[in-house]
>>> print(open('input.txt').read())   # compact mmCIF, C-alpha atoms and all ligand atoms
# COMPACT_ATOMS: atom_id res chain seq x y z
CA MET G 1 -41.88 -109.09 13.34
CA ILE G 2 -42.11 -110.81 9.99
CA LYS G 3 -44.19 -113.93 9.58
CA GLY G 4 -41.86 -116.90 9.82
CA THR G 5 -39.48 -115.28 12.28
CA PHE G 6 -41.21 -116.64 15.36
CA PRO G 7 -38.85 -118.85 17.37
CA ILE G 8 -41.18 -121.83 17.02
CA GLU G 9 -38.78 -124.44 18.40
CA LYS G 10 -38.44 -122.44 21.62
CA PHE G 11 -42.20 -121.90 21.77
CA ARG G 12 -42.63 -125.69 21.73
CA GLU G 13 -40.77 -125.92 25.02
CA LEU G 14 -43.19 -123.58 26.74
CA GLU G 15 -46.59 -124.11 28.23
CA THR G 16 -49.31 -122.26 26.34
CA PRO G 17 -51.12 -119.91 26.16
CA PHE G 18 -48.72 -117.02 26.63
CA TYR G 19 -48.07 -113.53 25.34
CA TYR G 20 -44.98 -113.07 23.24
CA TYR G 21 -43.53 -109.58 22.90
CA ASP G 22 -41.08 -108.72 20.17
CA MET G 23 -39.21 -105.84 21.75
CA LYS G 24 -37.52 -104.98 18.47
CA VAL G 25 -40.90 -104.14 16.96
CA LEU G 26 -41.67 -102.03 20.02
CA ARG G 27 -38.32 -100.23 19.84
CA ASP G 28 -38.70 -99.61 16.08
CA THR G 29 -42.18 -98.19 16.68
CA LEU G 30 -40.88 -95.89 19.42
CA ASP G 31 -37.98 -94.77 17.21
CA THR G 32 -40.47 -93.84 14.49
CA ILE G 33 -42.61 -91.88 16.96
CA LYS G 34 -39.56 -90.05 18.32
CA LYS G 35 -38.32 -89.23 14.83
CA GLU G 36 -41.69 -87.83 13.74
CA VAL G 37 -42.32 -85.90 16.96
CA SER G 38 -38.86 -84.33 16.85
CA LYS G 39 -39.91 -82.53 13.67
CA TYR G 40 -42.30 -80.38 15.64
CA GLU G 41 -41.74 -78.11 18.58
CA ASN G 42 -44.13 -78.46 21.50
CA PHE G 43 -45.41 -81.96 20.65
CA HIS G 44 -45.60 -84.33 23.62
CA VAL G 45 -46.63 -87.97 23.46
CA HIS G 46 -48.03 -89.75 26.51
CA TYR G 47 -48.39 -93.50 26.28
CA ALA G 48 -51.92 -94.68 27.21
CA ILE G 49 -51.03 -97.24 29.87
CA LYS G 50 -54.40 -98.97 29.57
CA ALA G 51 -53.25 -100.55 26.30
CA ASN G 52 -50.58 -102.59 28.07
CA ALA G 53 -49.19 -102.02 31.54
CA ASN G 54 -46.67 -104.86 31.47
CA PRO G 55 -43.64 -103.55 33.41
CA LYS G 56 -41.15 -104.66 30.71
CA ILE G 57 -43.10 -102.76 28.08
CA LEU G 58 -43.48 -99.70 30.32
CA LYS G 59 -39.74 -99.61 30.96
CA VAL G 60 -38.89 -99.49 27.25
CA ILE G 61 -41.54 -96.83 26.59
CA ARG G 62 -40.34 -94.73 29.52
CA GLU G 63 -36.74 -95.03 28.30
CA ALA G 64 -37.88 -93.71 24.93
CA GLY G 65 -38.97 -90.53 26.70
CA LEU G 66 -42.75 -90.76 26.37
CA GLY G 67 -45.01 -89.60 29.17
CA ALA G 68 -47.90 -91.62 30.62
CA ASP G 69 -51.65 -91.28 30.20
CA CYS G 70 -53.60 -92.93 33.01
CA VAL G 71 -57.28 -93.62 33.72
CA SER G 72 -57.09 -94.96 37.26
CA GLY G 73 -55.07 -94.61 40.44
CA GLY G 74 -53.61 -98.04 39.66
CA GLU G 75 -52.34 -96.76 36.34
CA VAL G 76 -50.86 -93.65 37.96
CA ARG G 77 -49.10 -95.95 40.42
CA ALA G 78 -47.87 -98.21 37.57
CA SER G 79 -46.43 -95.16 35.78
CA VAL G 80 -44.75 -93.86 38.92
CA GLU G 81 -43.29 -97.31 39.64
CA ALA G 82 -42.09 -97.64 36.05
CA GLY G 83 -40.20 -94.37 36.53
CA PHE G 84 -42.22 -92.05 34.29
CA PRO G 85 -41.44 -88.50 35.45
CA ASN G 86 -44.34 -87.08 37.45
CA ASP G 87 -44.48 -84.01 35.24
CA LYS G 88 -45.23 -86.24 32.22
CA ILE G 89 -48.19 -88.06 33.80
CA VAL G 90 -51.78 -87.15 32.91
CA PHE G 91 -54.83 -88.64 34.60
CA ALA G 92 -58.26 -88.90 32.89
CA GLY G 93 -61.42 -90.87 33.66
CA VAL G 94 -65.05 -90.00 34.45
CA GLY G 95 -65.04 -91.54 37.93
CA LYS G 96 -61.88 -90.74 39.86
CA THR G 97 -62.14 -91.66 43.55
CA ASP G 98 -60.87 -89.40 46.35
CA LYS G 99 -58.12 -91.90 47.07
CA GLU G 100 -56.97 -91.85 43.45
CA ILE G 101 -57.06 -88.05 43.31
CA ASN G 102 -55.05 -87.80 46.53
CA TYR G 103 -52.46 -90.24 45.22
CA ALA G 104 -52.06 -88.19 42.05
CA LEU G 105 -51.87 -84.93 44.06
CA ASP G 106 -49.19 -86.47 46.28
CA HIS G 107 -47.16 -87.20 43.17
CA ASP G 108 -47.62 -83.76 41.60
CA ILE G 109 -48.65 -85.18 38.24
CA PHE G 110 -48.65 -82.90 35.20
CA CYS G 111 -52.42 -82.62 35.06
CA PHE G 112 -55.84 -84.07 35.73
CA ASN G 113 -58.10 -84.38 32.69
CA VAL G 114 -61.36 -83.41 34.36
CA GLU G 115 -64.68 -84.60 33.00
CA SER G 116 -67.40 -82.84 35.07
CA ILE G 117 -68.18 -79.93 37.42
CA PRO G 118 -68.58 -82.15 40.52
CA GLU G 119 -65.20 -83.75 39.81
CA LEU G 120 -63.61 -80.31 39.41
CA GLU G 121 -65.03 -79.24 42.78
CA VAL G 122 -63.80 -82.38 44.53
CA ILE G 123 -60.28 -81.99 43.12
CA ASN G 124 -60.30 -78.35 44.25
CA GLU G 125 -61.35 -79.39 47.76
CA LEU G 126 -58.83 -82.23 48.06
CA ALA G 127 -56.02 -80.04 46.70
CA ALA G 128 -56.94 -77.33 49.23
CA ARG G 129 -56.66 -79.86 52.07
CA GLU G 130 -53.15 -80.68 50.96
CA GLY G 131 -52.26 -77.04 50.37
CA LYS G 132 -51.72 -77.77 46.67
CA VAL G 133 -52.88 -76.36 43.36
CA ALA G 134 -53.97 -79.04 40.89
CA ARG G 135 -53.25 -78.45 37.23
CA VAL G 136 -56.34 -79.27 35.19
CA CYS G 137 -57.25 -79.79 31.56
CA LEU G 138 -60.97 -79.93 30.95
CA ARG G 139 -62.06 -82.87 28.85
CA ILE G 140 -64.48 -81.54 26.29
CA ASN G 141 -66.86 -83.82 24.44
CA PRO G 142 -66.40 -82.37 20.94
CA ASP G 143 -69.36 -84.21 19.39
CA VAL G 144 -67.17 -85.44 16.55
CA GLU G 145 -67.86 -88.87 15.12
CA ALA G 146 -65.05 -91.39 14.82
CA HIS G 147 -65.68 -94.12 12.28
CA THR G 148 -64.82 -97.12 14.40
CA HIS G 149 -66.57 -99.78 16.48
CA THR G 150 -69.46 -98.30 18.47
CA HIS G 151 -68.04 -99.57 21.80
CA ILE G 152 -64.88 -97.50 21.36
CA ILE G 153 -66.38 -94.22 20.17
CA THR G 154 -66.08 -91.65 22.94
CA GLY G 155 -66.52 -88.17 21.48
CA MET G 156 -70.21 -88.08 20.57
CA ALA G 157 -72.75 -86.05 22.54
CA GLU G 158 -74.45 -89.24 23.80
CA ASN G 159 -71.21 -90.70 25.25
CA LYS G 160 -70.53 -90.42 28.98
CA PHE G 161 -67.14 -88.80 28.45
CA GLY G 162 -66.21 -85.17 28.78
CA ILE G 163 -68.01 -81.87 29.31
CA ALA G 164 -70.74 -80.99 26.82
CA LEU G 165 -69.91 -78.17 24.41
CA LYS G 166 -72.85 -76.11 25.65
CA ASP G 167 -71.46 -76.17 29.21
CA MET G 168 -67.82 -75.62 28.28
CA LEU G 169 -67.53 -71.87 28.81
CA GLN G 170 -69.20 -71.99 32.20
CA VAL G 171 -66.92 -74.84 33.37
CA VAL G 172 -63.75 -73.16 32.10
CA GLN G 173 -64.74 -69.99 33.95
CA LEU G 174 -65.41 -71.97 37.11
CA ALA G 175 -62.01 -73.70 36.79
CA GLN G 176 -60.36 -70.30 36.52
CA GLN G 177 -62.06 -69.10 39.69
CA LEU G 178 -61.38 -72.08 41.96
CA SER G 179 -58.45 -71.25 44.19
CA ASN G 180 -56.79 -74.68 44.21
CA ILE G 181 -57.19 -75.34 40.51
CA SER G 182 -54.89 -74.11 37.79
CA PHE G 183 -56.66 -74.27 34.43
CA VAL G 184 -54.02 -75.28 31.89
CA GLY G 185 -55.97 -76.41 28.86
CA LEU G 186 -58.37 -78.66 27.00
CA HIS G 187 -58.47 -82.40 26.50
CA PHE G 188 -60.25 -84.45 23.83
CA HIS G 189 -60.42 -88.10 22.80
CA ILE G 190 -62.85 -89.15 20.08
CA GLY G 191 -62.30 -92.91 19.99
CA SER G 192 -59.93 -95.72 19.23
CA GLN G 193 -58.75 -97.77 16.21
CA ILE G 194 -59.36 -94.80 13.91
CA THR G 195 -57.90 -95.41 10.46
CA ASN G 196 -59.63 -92.61 8.59
CA MET G 197 -57.45 -89.52 9.09
CA HIS G 198 -60.42 -87.36 8.23
CA ASP G 199 -61.85 -88.05 11.70
CA PHE G 200 -58.80 -86.34 13.19
CA VAL G 201 -59.22 -83.46 10.72
CA SER G 202 -62.79 -83.04 12.00
CA LEU G 203 -61.46 -82.99 15.56
CA CYS G 204 -58.95 -80.27 14.64
CA GLU G 205 -61.66 -78.18 13.03
CA ARG G 206 -63.83 -78.48 16.12
CA ILE G 207 -60.92 -77.49 18.38
CA ASN G 208 -60.29 -74.44 16.19
CA GLU G 209 -63.92 -73.37 16.65
CA ILE G 210 -63.68 -73.93 20.40
CA GLN G 211 -60.47 -71.95 20.72
CA HIS G 212 -61.95 -69.13 18.66
CA LEU G 213 -64.90 -68.95 21.04
CA LEU G 214 -62.69 -69.02 24.13
CA HIS G 215 -60.41 -66.28 22.74
CA LYS G 216 -63.46 -64.06 22.42
CA HIS G 217 -63.84 -64.41 26.19
CA GLY G 218 -60.18 -63.73 26.84
CA ILE G 219 -59.42 -67.40 27.61
CA TYR G 220 -56.16 -68.78 26.23
CA PRO G 221 -55.54 -72.46 27.08
CA MET G 222 -51.85 -73.36 27.15
CA VAL G 223 -52.29 -77.09 26.54
CA ILE G 224 -54.28 -78.86 23.89
CA ASN G 225 -54.48 -82.62 24.37
CA VAL G 226 -56.03 -84.48 21.44
CA GLY G 227 -56.08 -87.92 23.11
CA GLY G 228 -55.23 -91.07 21.22
CA GLY G 229 -57.00 -93.27 18.73
CA LEU G 230 -54.60 -93.90 15.85
CA GLY G 231 -55.51 -97.29 14.39
CA ILE G 232 -53.29 -100.14 13.27
CA ASP G 233 -53.41 -102.76 10.51
CA TYR G 234 -54.94 -105.89 12.03
CA GLN G 235 -55.15 -107.58 8.64
CA SER G 236 -51.48 -107.37 7.62
CA PRO G 237 -49.40 -107.00 10.77
CA SER G 238 -46.22 -108.35 9.16
CA GLU G 239 -46.48 -105.99 6.18
CA HIS G 240 -47.44 -102.96 8.29
CA PRO G 241 -45.92 -103.37 11.73
CA ILE G 242 -45.71 -99.61 12.31
CA ALA G 243 -48.67 -97.25 12.05
CA ASP G 244 -48.48 -94.19 9.83
CA PHE G 245 -47.31 -91.76 12.51
CA LYS G 246 -46.01 -89.38 9.87
CA ALA G 247 -49.45 -88.86 8.34
CA TYR G 248 -51.06 -88.76 11.78
CA PHE G 249 -48.87 -85.98 13.21
CA ARG G 250 -49.04 -84.07 9.94
CA VAL G 251 -52.83 -83.83 10.23
CA PHE G 252 -52.46 -81.82 13.41
CA THR G 253 -49.81 -79.46 12.06
CA GLN G 254 -51.86 -78.86 8.95
CA HIS G 255 -55.30 -78.49 10.47
CA LEU G 256 -54.96 -77.33 14.05
CA HIS G 257 -54.39 -73.64 14.71
CA LEU G 258 -52.12 -73.29 17.70
CA ARG G 259 -50.56 -70.21 19.21
CA PRO G 260 -46.75 -70.43 19.37
CA GLU G 261 -46.72 -70.80 23.14
CA GLN G 262 -49.26 -73.63 23.16
CA SER G 263 -48.20 -77.25 23.53
CA LEU G 264 -49.92 -80.16 21.82
CA HIS G 265 -50.26 -83.46 23.68
CA PHE G 266 -51.15 -86.92 22.37
CA GLU G 267 -52.19 -90.04 24.26
CA LEU G 268 -51.35 -92.99 22.04
CA GLY G 269 -51.92 -96.53 23.21
CA ARG G 270 -52.76 -99.12 20.59
CA SER G 271 -50.47 -97.74 17.89
CA VAL G 272 -47.49 -97.97 20.27
CA VAL G 273 -47.83 -101.56 21.44
CA ALA G 274 -50.34 -103.58 19.39
CA GLN G 275 -48.00 -105.00 16.78
CA CYS G 276 -45.23 -106.08 19.14
CA GLY G 277 -47.45 -108.64 20.86
CA SER G 278 -48.86 -112.02 19.86
CA LEU G 279 -50.88 -114.49 21.84
CA ILE G 280 -49.39 -117.95 21.33
CA THR G 281 -51.77 -120.84 21.72
CA ARG G 282 -51.86 -124.62 21.09
CA VAL G 283 -54.55 -126.58 19.35
CA LEU G 284 -56.12 -128.91 21.89
CA TYR G 285 -58.63 -130.70 19.71
CA VAL G 286 -59.97 -130.61 16.20
CA LYS G 287 -63.68 -131.29 16.28
CA GLN G 288 -65.91 -132.05 13.30
CA ALA G 289 -69.45 -130.77 13.79
CA ALA G 290 -72.44 -131.05 11.45
CA THR G 291 -71.63 -127.97 9.40
CA LYS G 292 -68.36 -126.81 10.91
CA GLN G 293 -64.88 -127.82 11.78
CA PHE G 294 -63.56 -126.39 15.03
CA ALA G 295 -59.97 -125.94 16.09
CA ILE G 296 -60.30 -125.74 19.87
CA VAL G 297 -57.29 -123.92 21.28
CA ASP G 298 -56.02 -123.44 24.83
CA ALA G 299 -56.33 -119.62 24.79
CA GLY G 300 -59.73 -118.06 25.15
CA MET G 301 -61.54 -114.79 25.71
CA THR G 302 -59.90 -114.76 29.14
CA GLU G 303 -56.55 -114.04 27.48
CA LEU G 304 -57.85 -111.92 24.58
CA ILE G 305 -61.37 -110.57 24.87
CA ARG G 306 -61.35 -108.24 21.85
CA PRO G 307 -62.95 -110.67 19.35
CA ALA G 308 -65.78 -111.49 21.81
CA LEU G 309 -66.31 -107.90 22.94
CA TYR G 310 -65.88 -105.90 19.74
CA GLN G 311 -66.05 -108.58 17.04
CA ALA G 312 -62.42 -107.65 16.44
CA LYS G 313 -60.50 -109.62 13.82
CA HIS G 314 -56.93 -110.58 14.64
CA THR G 315 -54.82 -112.27 12.00
CA ILE G 316 -54.05 -115.84 13.05
CA HIS G 317 -50.84 -117.49 11.88
CA TYR G 318 -50.18 -121.19 11.86
CA LEU G 319 -46.77 -121.76 13.41
CA SER G 320 -45.96 -125.40 12.77
CA PRO G 321 -43.82 -125.47 9.62
CA LEU G 322 -43.60 -129.28 9.50
CA ASN G 323 -47.18 -129.46 8.32
CA CYS G 324 -47.01 -126.55 5.92
CA GLN G 325 -47.00 -128.68 2.80
CA LEU G 326 -50.29 -130.30 3.74
CA PRO G 327 -53.53 -129.20 2.12
CA THR G 328 -55.50 -126.49 3.83
CA SER G 329 -58.87 -126.63 5.51
CA LYS G 330 -61.32 -124.19 7.09
CA TYR G 331 -61.68 -123.90 10.85
CA ASP G 332 -63.59 -121.88 13.39
CA ILE G 333 -60.90 -121.14 15.94
CA VAL G 334 -62.48 -121.23 19.38
CA GLY G 335 -61.35 -121.15 22.99
CA PRO G 336 -62.26 -123.38 25.93
CA ILE G 337 -64.37 -120.85 27.87
CA CYS G 338 -68.01 -121.61 28.57
CA GLU G 339 -69.36 -118.79 26.43
CA SER G 340 -70.59 -118.99 22.84
CA SER G 341 -68.80 -115.74 22.12
CA ASP G 342 -65.44 -117.38 22.88
CA VAL G 343 -64.50 -117.46 19.20
CA PHE G 344 -61.30 -115.97 17.79
CA ASP G 345 -62.35 -116.21 14.16
CA LYS G 346 -64.58 -118.18 11.83
CA ASP G 347 -63.83 -120.02 8.58
CA VAL G 348 -60.10 -119.45 8.82
CA LEU G 349 -58.07 -121.22 6.16
CA LEU G 350 -55.17 -123.06 7.82
CA PRO G 351 -52.91 -125.95 6.87
CA VAL G 352 -54.64 -129.14 8.03
CA THR G 353 -54.32 -128.81 11.76
CA GLN G 354 -53.84 -131.33 14.52
CA ARG G 355 -53.56 -131.47 18.28
CA GLY G 356 -50.41 -129.75 19.49
CA ASP G 357 -50.02 -127.32 16.59
CA LEU G 358 -49.13 -123.78 17.57
CA LEU G 359 -50.96 -120.65 16.43
CA ALA G 360 -50.02 -116.99 16.83
CA ILE G 361 -52.88 -114.54 17.29
CA ARG G 362 -51.29 -111.36 16.02
CA SER G 363 -51.56 -107.65 16.94
CA ALA G 364 -52.40 -108.58 20.52
CA GLY G 365 -49.95 -106.26 22.26
CA ALA G 366 -52.66 -103.64 22.89
CA TYR G 367 -55.73 -104.38 25.02
CA GLY G 368 -54.73 -108.05 25.20
CA GLU G 369 -52.83 -108.80 28.38
CA SER G 370 -54.26 -105.66 30.01
CA MET G 371 -57.84 -106.92 29.53
CA ALA G 372 -57.15 -110.53 30.51
CA SER G 373 -59.30 -112.01 33.26
CA THR G 374 -59.43 -115.03 35.55
CA TYR G 375 -62.97 -116.00 34.48
CA ASN G 376 -63.52 -119.76 34.82
CA CYS G 377 -60.75 -119.70 37.48
CA ARG G 378 -58.11 -119.53 34.80
CA PRO G 379 -54.68 -118.15 35.64
CA LEU G 380 -53.62 -114.88 34.04
CA PRO G 381 -51.42 -115.56 31.02
CA PRO G 382 -47.63 -115.43 31.38
CA TYR G 383 -45.54 -113.48 28.90
CA TYR G 384 -42.11 -113.80 27.32
CA THR G 385 -40.06 -111.30 25.38
CA ASP G 386 -37.80 -112.15 22.46
CA GLU G 387 -34.89 -110.77 24.46
CA GLU G 388 -35.34 -113.21 27.33
CA LEU G 389 -36.80 -116.23 25.60
CA ASP G 390 -33.72 -118.43 25.93
CA LEU G 391 -33.52 -117.74 29.62
CA SER G 392 -37.24 -118.40 30.07
CA VAL G 393 -36.98 -121.75 28.27
CA GLN G 394 -34.03 -122.78 30.46
CA LEU G 395 -35.80 -121.71 33.64
CA ASN G 396 -38.90 -123.64 32.63
CA LYS G 397 -36.85 -126.79 32.04
CA LEU G 398 -35.14 -126.37 35.40
CA TYR G 399 -38.50 -125.88 37.09
CA GLU G 400 -39.91 -129.03 35.48
CA THR G 401 -36.85 -131.04 36.57
CA LEU G 402 -37.18 -129.78 40.14
CA GLN G 403 -40.86 -130.71 40.18
CA LYS G 404 -40.07 -134.35 39.29
N1 LIG G 501 -56.87 -91.36 25.84
C1 LIG G 501 -58.07 -91.66 26.37
C2 LIG G 501 -58.77 -90.68 27.18
C3 LIG G 501 -58.63 -92.92 26.12
O1 LIG G 501 -59.82 -93.22 26.64
C4 LIG G 501 -57.93 -93.86 25.32
C5 LIG G 501 -58.48 -95.18 25.07
C6 LIG G 501 -56.67 -93.49 24.80
C7 LIG G 501 -56.19 -92.22 25.08
C8 LIG G 501 -55.83 -94.42 23.96
O2 LIG G 501 -56.46 -94.72 22.78
P1 LIG G 501 -55.68 -95.57 21.66
O3 LIG G 501 -54.52 -94.75 21.12
O4 LIG G 501 -55.22 -96.83 22.27
O5 LIG G 501 -56.72 -95.81 20.62
N2 LIG G 501 -60.29 -101.88 24.68
C9 LIG G 501 -60.55 -101.29 23.39
C10 LIG G 501 -59.99 -99.90 23.28
C11 LIG G 501 -60.51 -98.98 24.34
C12 LIG G 501 -59.85 -97.64 24.29
C13 LIG G 501 -60.19 -96.85 25.50
N3 LIG G 501 -59.61 -95.55 25.54
C14 LIG G 501 -60.00 -102.21 22.31
O6 LIG G 501 -59.49 -103.28 22.63
O7 LIG G 501 -60.13 -101.91 21.11
>>> encode(input="input.txt", output="structure tokens", more="lines below")
Ligand code: LLP
Amino acid sequence: MIKGTFPIEKFRELETPFYYYDMKVLRDTLDTIKKEVSKYENFHVHYAIKANANPKILKVIREAGLGADCVSGGEVRASVEAGFPNDKIVFAGVGKTDKEINYALDHDIFCFNVESIPELEVINELAAREGKVARVCLRINPDVEAHTHTHIITGMAENKFGIALKDMLQVVQLAQQLSNISFVGLHFHIGSQITNMHDFVSLCERINEIQHLLHKHGIYPMVINVGGGLGIDYQSPSEHPIADFKAYFRVFTQHLHLRPEQSLHFELGRSVVAQCGSLITRVLYVKQAATKQFAIVDAGMTELIRPALYQAKHTIHYLSPLNCQLPTSKYDIVGPICESSDVFDKDVLLPVTQRGDLLAIRSAGAYGESMASTYNCRPLPPYYTDEELDLSVQLNKLYETLQK
């Protein structure tokens, strides 16, 4: 989606805020992933549903042949309902409930990514009750640092995720002994929005050490799952709409030592969907304060919490071309929620802005709609896709006429 190609006139007809998905960007991203993955045998990509579980998005991703990576029973259900084949669904998470485990067992998912001994024992017990054998990858905490925001680092010893390296051998041996568990491999995930490929190199090196140790004990995992984490360009979404999948996959072929029969699995979320989505919002008021000028918009942290939660910076585009010749001015772009952290960005240079102007908050396809809330009794945001925008505008007009 190139800046300037937003269908602004159609946006004007719609109530804001809303999510806008450019399905062409999504399809181009998926084509790139498929092209790169097809270069390697035994590479499997699961889409991390948590990034965006919108059914329209899931359908396109499923049609592209990706599997699903889930972290709750709800996500397993969403993948099943979206038609992802059961044997391409993986299920991680430190706190799976019995109900969620049973649901996944009933659907014969590809594997559980198990994070602790008690969880392993519960899955064994529940599988036994159903007369099933659960396939399991053990999530290992590799103690590898990812250089990203501290809230989205997951692979350090102090994080709650995964089994500590010192306990790994004992847990693998237990998994091999339990009668209703089939130990298939190892799972890792070091963090999210990782742009320094060296972090993935460090992960590969750690996995090589781990495999070396396991081989010494006669243990040969069939599956290696390296999680997700590939970052995207939040600063220049129009210039770089597609992440560097080529470089990303190459890191693993160059640095990870796999046996020919092993398969390598990825769980990509953000890099698949972030750039296809924008949050479209209207300026409600421009307010002059003592030292600041605020553009108060109708979207808030309820629609996109990333700036408030992780101090994330999303590029904000001004979408009203009529005013584009006007001089620019600096604004703090803030939402209407009763929280001081409800700020999208500070000191943003925009054309002089007035009530009714439209803004696009870019790169919001990942962890945007899926993290939206109803705080302050606000409704969840609607969404439109480029493919159905005309129809949506017509339906909205019809609805308004009927209301009168
Ligand atoms: N696999 C596991 C086990 C994960 O925990 C995650 C993300 C992924 C895969 C997908 O990671 P990705 O490719 O999207 O980086 N809400 C935060 C991100 C939290 C990520 C949680 N886990 C944000 O808005 O930045």
>>> atom_distance(input="input.txt", atom1="atom CA of G:Ser116", atom2="atom O5 of ligand LIG 501 (chain G)")
22.2 Å
>>> residues_around(input="input.txt", residues="G:Arg378", least_positions_apart="2", cutoff="12 Å", atoms="only C-alpha atoms", output="ChimeraX atom specification")
/G:17,298-303,336-338,372-376,380-382
>>> write_last_selection(input="input.txt", atoms="C-alpha atoms", output="CSV table (one decimal), in the frame of the given file")
chain,number,residue,atom,x,y,z
G,17,PRO,CA,-51.1,-119.9,26.2
G,298,ASP,CA,-56.0,-123.4,24.8
G,299,ALA,CA,-56.3,-119.6,24.8
G,300,GLY,CA,-59.7,-118.1,25.2
G,301,MET,CA,-61.5,-114.8,25.7
G,302,THR,CA,-59.9,-114.8,29.1
G,303,GLU,CA,-56.6,-114.0,27.5
G,336,PRO,CA,-62.3,-123.4,25.9
G,337,ILE,CA,-64.4,-120.8,27.9
G,338,CYS,CA,-68.0,-121.6,28.6
G,372,ALA,CA,-57.2,-110.5,30.5
G,373,SER,CA,-59.3,-112.0,33.3
G,374,THR,CA,-59.4,-115.0,35.6
G,375,TYR,CA,-63.0,-116.0,34.5
G,376,ASN,CA,-63.5,-119.8,34.8
G,380,LEU,CA,-53.6,-114.9,34.0
G,381,PRO,CA,-51.4,-115.6,31.0
G,382,PRO,CA,-47.6,-115.4,31.4
>>> axis_aligned_box(input="input.txt", around="ligand LIG 501 (chain G)", padding_each_side="5 Å", output="AutoDock Vina command-line options")
--center_x -57.5 --center_y -97.0 --center_z 23.9 --size_x 16.0 --size_y 22.6 --size_z 16.6
>>> residues_around(input="input.txt", residues="G:Leu230", least_positions_apart="3", cutoff="7 Å", atoms="all atoms listed in the file", output="list in words")
Ser192, Gln193, Ile194, Thr195 and Ser271 of chain G
>>> residues_near_ligand(input="input.txt", ligand="ligand LIG 501 (chain G)", cutoff="8 Å", atoms="only C-alpha atoms and all ligand atoms", output="MDAnalysis selection string")
chainID G and resid 47:48 50:51 69 71 92:93 151:152 154 188:189 191:194 227:231 266:272 305:306 310 312 366:368 371
>>> atom_distance(input="input.txt", atom1="atom CA of G:Phe91", atom2="atom CA of G:Cys111")
6.5 Å
>>> atom_distance(input="input.txt", atom1="atom CA of G:Ile117", atom2="atom CA of G:Asn141")
13.6 Å
>>> closest_residue(input="input.txt", among="G:Gln394, G:Thr353, G:Ser341, G:Thr385", to="G:Tyr20", atoms="only C-alpha atoms")
G:Thr385
>>> residues_around(input="input.txt", residues="G:Arg259", least_positions_apart="4", cutoff="10 Å", atoms="only C-alpha atoms", output="number ranges by chain")
G: 220-222, 263
>>> write_last_selection(input="input.txt", atoms="C-alpha atoms", output="PDB file, keeping the file's coordinate frame")
ATOM      1  CA  TYR G 220     -56.160 -68.780  26.230  1.00  0.00           C
ATOM      2  CA  PRO G 221     -55.540 -72.460  27.080  1.00  0.00           C
ATOM      3  CA  MET G 222     -51.850 -73.360  27.150  1.00  0.00           C
ATOM      4  CA  SER G 263     -48.200 -77.250  23.530  1.00  0.00           C
TER       5      SER G 263
END
>>> residues_near_point(input="input.txt", point="(-61.7, -82.5, 47.7)", cutoff="12 Å", atoms="all atoms listed in the file", output="PDB file with C-alpha atoms, in the coordinates of the input")
ATOM      1  CA  LYS G  96     -61.880 -90.740  39.860  1.00  0.00           C
ATOM      2  CA  THR G  97     -62.140 -91.660  43.550  1.00  0.00           C
ATOM      3  CA  ASP G  98     -60.870 -89.400  46.350  1.00  0.00           C
ATOM      4  CA  LYS G  99     -58.120 -91.900  47.070  1.00  0.00           C
ATOM      5  CA  GLU G 100     -56.970 -91.850  43.450  1.00  0.00           C
ATOM      6  CA  ILE G 101     -57.060 -88.050  43.310  1.00  0.00           C
ATOM      7  CA  ASN G 102     -55.050 -87.800  46.530  1.00  0.00           C
ATOM      8  CA  LEU G 105     -51.870 -84.930  44.060  1.00  0.00           C
ATOM      9  CA  PRO G 118     -68.580 -82.150  40.520  1.00  0.00           C
ATOM     10  CA  GLU G 119     -65.200 -83.750  39.810  1.00  0.00           C
ATOM     11  CA  LEU G 120     -63.610 -80.310  39.410  1.00  0.00           C
ATOM     12  CA  GLU G 121     -65.030 -79.240  42.780  1.00  0.00           C
ATOM     13  CA  VAL G 122     -63.800 -82.380  44.530  1.00  0.00           C
ATOM     14  CA  ILE G 123     -60.280 -81.990  43.120  1.00  0.00           C
ATOM     15  CA  ASN G 124     -60.300 -78.350  44.250  1.00  0.00           C
ATOM     16  CA  GLU G 125     -61.350 -79.390  47.760  1.00  0.00           C
ATOM     17  CA  LEU G 126     -58.830 -82.230  48.060  1.00  0.00           C
ATOM     18  CA  ALA G 127     -56.020 -80.040  46.700  1.00  0.00           C
ATOM     19  CA  ALA G 128     -56.940 -77.330  49.230  1.00  0.00           C
ATOM     20  CA  ARG G 129     -56.660 -79.860  52.070  1.00  0.00           C
ATOM     21  CA  GLU G 130     -53.150 -80.680  50.960  1.00  0.00           C
ATOM     22  CA  GLY G 131     -52.260 -77.040  50.370  1.00  0.00           C
ATOM     23  CA  LYS G 132     -51.720 -77.770  46.670  1.00  0.00           C
ATOM     24  CA  VAL G 133     -52.880 -76.360  43.360  1.00  0.00           C
ATOM     25  CA  ALA G 134     -53.970 -79.040  40.890  1.00  0.00           C
ATOM     26  CA  LEU G 178     -61.380 -72.080  41.960  1.00  0.00           C
ATOM     27  CA  ASN G 180     -56.790 -74.680  44.210  1.00  0.00           C
ATOM     28  CA  ILE G 181     -57.190 -75.340  40.510  1.00  0.00           C
TER      29      ILE G 181
END
>>> residues_around(input="input.txt", residues="G:Leu349", least_positions_apart="4", cutoff="8 Å", atoms="all atoms listed in the file", output="list in words")
Thr328, Ser329, Lys330 and Tyr331 of chain G
>>> write_last_selection(input="input.txt", atoms="C-alpha atoms", output="PDB file, in the frame of the given file")
ATOM      1  CA  THR G 328     -55.500-126.490   3.830  1.00  0.00           C
ATOM      2  CA  SER G 329     -58.870-126.630   5.510  1.00  0.00           C
ATOM      3  CA  LYS G 330     -61.320-124.190   7.090  1.00  0.00           C
ATOM      4  CA  TYR G 331     -61.680-123.900  10.850  1.00  0.00           C
TER       5      TYR G 331
END
